[in-house]
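Below is one structure, written out as structure tokens; the observations come after it.
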Amino acid sequence: MSDAVSPPDGDGSARLASLTHMIGRLSRPPDPGSSPGLRSLPGGAGALLDEVDATVMARRLLIRNQSGNELALEVRGRRLLWADIAGLPEGRADALGAGRGTLTYAGAGDLEAFAAALAAFCTDGGMTVRATPPVRESSLEETGVSVATLRHALAGIQTQFDDTPTLEGPLLQVFLERCAPLVRAWVARPAGGSVTGDGAEDILPGLGDILISAEDVLPIAQPGPHAIILQTAGGDALGVFADNDDRLAMVLDADDQEAVLSRWSGCLAMCGTGST
Amino acid sequence: MTLVEQLTRLHRDIPGCRAAVFGDMEAGTVLRACADADLRQEDHDALLAEASACLGPGAERLLARVFGQGATPHRLSQAILAAPLQTCVFLRSGTTEGEVICVSLDAGTTLEGVGATLREVARADE
């Protein structure tokens with residue numbers, strides 16, 4: 001018997017890449033600022049299938065995307081047994097039980113519908129995943145669908161999502177353009193760039209000051225985009241936004257803060273940064 | 001309705017809510033909490049520490065630098081922190097200085113109505 005290790009073939013390469021990903025994930029420290037039990041996943045259905053591929057013992061994966069939609073998968077032995085996903089076409093939804101069902105006997109058409117819904121779910125940018133014990137009682141006869149089959153089904157429909165809207169420009173710049181009508185004054189400092197601002201002149205100098213010192217006080221210096229809105233008893237609000245080393249500070253009416261945060265979430269969803 | 005019942009209601013009724021915590025920022029002490037089973041005391045402590053950073057004297061000094069030092073200090077009533085994996089809302093509560101209600105929500109959860117619900121609880125605590 002030879003001791004030589006043959007280079008992996010096509011499927012072997014995919015498995016090797018998956019194992020490398022799993023080892024890398026296990027050795028990574030927890031995400032800063034994450035809450036226990038929650039892990040972040042990069043955008044894209046591939047990352048989700050890697051999660052299925054890494055599952056041997058039965059468990060339920062609860063995945064939430066940037067839009068707040070949830071997906072539940074029951075997985076065992078690196079095979080998907082059951083899914084609860086919104087957005088399946090109506091006819092296909094019936095086949096899988098109104099968006100949920102046992103995939104064991106799913107035909108090719110059902111798999112295509114499921115893959116399309118899965119890809120649409122994952123186009124929203126980063127996701128979070130939480131693993132819990134399985135809820136369903138699956139019989140040993142259920143074989144589910146292998147990851148390889150799911151990857152194949154996904155490959156056929158991925159191109160439909162290539163035109164997902166994306167940010168045209170730095171996150172904070174696009175965000176500022178979108179919420180400008182709600183802002184009384186703003187000051188921005190792109191990483192390595194100069195400070196710019198506009199709005200009420202009596203508060204611009206102060207806004208410029210705190211742009212530098214805010215991260216000494218507020219928890220915004222961690223990785224990933226962060227937003228903080230402080231509201232005074234008098235109805236004013238101060239927003240501080242960070243994306244890596246880019247900074248933006250603004251003053252707005254407290255009544256507008258939810259609208260501003262909604263636009264922030266919208267921008268994050270478009271840039272797929274795995275934030276809020 | 002008791003405070004524990006109020007926190008239970010927040011945790012149960014706000015979509016995506018993982019924890020509702022009542023604490024004293026000045027003492028750095030969590031007084032009551034209602035949260036998902038996988039969250040521990042350290043997580044509640046961390047949530048209270050973030051509330052202290054966002055509503056404490058340092059943050060109020062930031063406000064004073066923006067709006068100027070008026071006759072009365074700029075009192076912060078509420079803060080929202082949107083981090084990559086969670087969104088937190090902190091609201092000063094009660095008549096005792098430093099008391100705060102904190103809720104931690106899954107990232108991406110809509111905040112519509114959350115502030116109003118928290119203010120209702122805070123008023124009931126006064």
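Starting from 1 in every chain, residues are counted up; chains themselves are A, B, ... following the order of the structure tokens, and ligands are numbered from 1 as listed.
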
Next on the checklist: Tell me as a PyMOL selection string which residues belonging to chain A come within 8 Å of chain B, counting only C-alpha atoms.
Outcome noted: chain A and resi 33-38+40+65-68+128+203-207+209-210+214+217-219+224-233+238+258+262+265+274-276

Item to check | Exercise: stretch 54-57 of chain A partners within 6 Å, only C-alpha atoms, chain neighbours under 3 positions left out, as a PyMOL selection string | outcome: chain A and resi 51+76-78

Checklist entry - Which is closer to A:Ala200 than all the others in A:Leu252, A:Leu62, A:Ala47, A:Leu71, using only C-alpha atoms? => result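 Among the listed residues, the smallest separation from A:Ala200 belongs to A:Leu252.
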
Checklist entry - Using only C-alpha atoms, which of the listed residues (B:Val4, B:Ile14, B:Leu31, B:Ala122) sits closest to B:Thr95? => result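 Nearest candidate to B:Thr95 out of B:Val4, B:Ile14, B:Leu31, B:Ala122: B:Ala122.
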
Item to check | Atomic distance atom CA of B:Asp13 - atom CA of A:Trp82, expressed in Å with one decimal | outcome: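 Result for atom CA of B:Asp13 versus atom CA of A:Trp82: 27.8 Å, one decimal.
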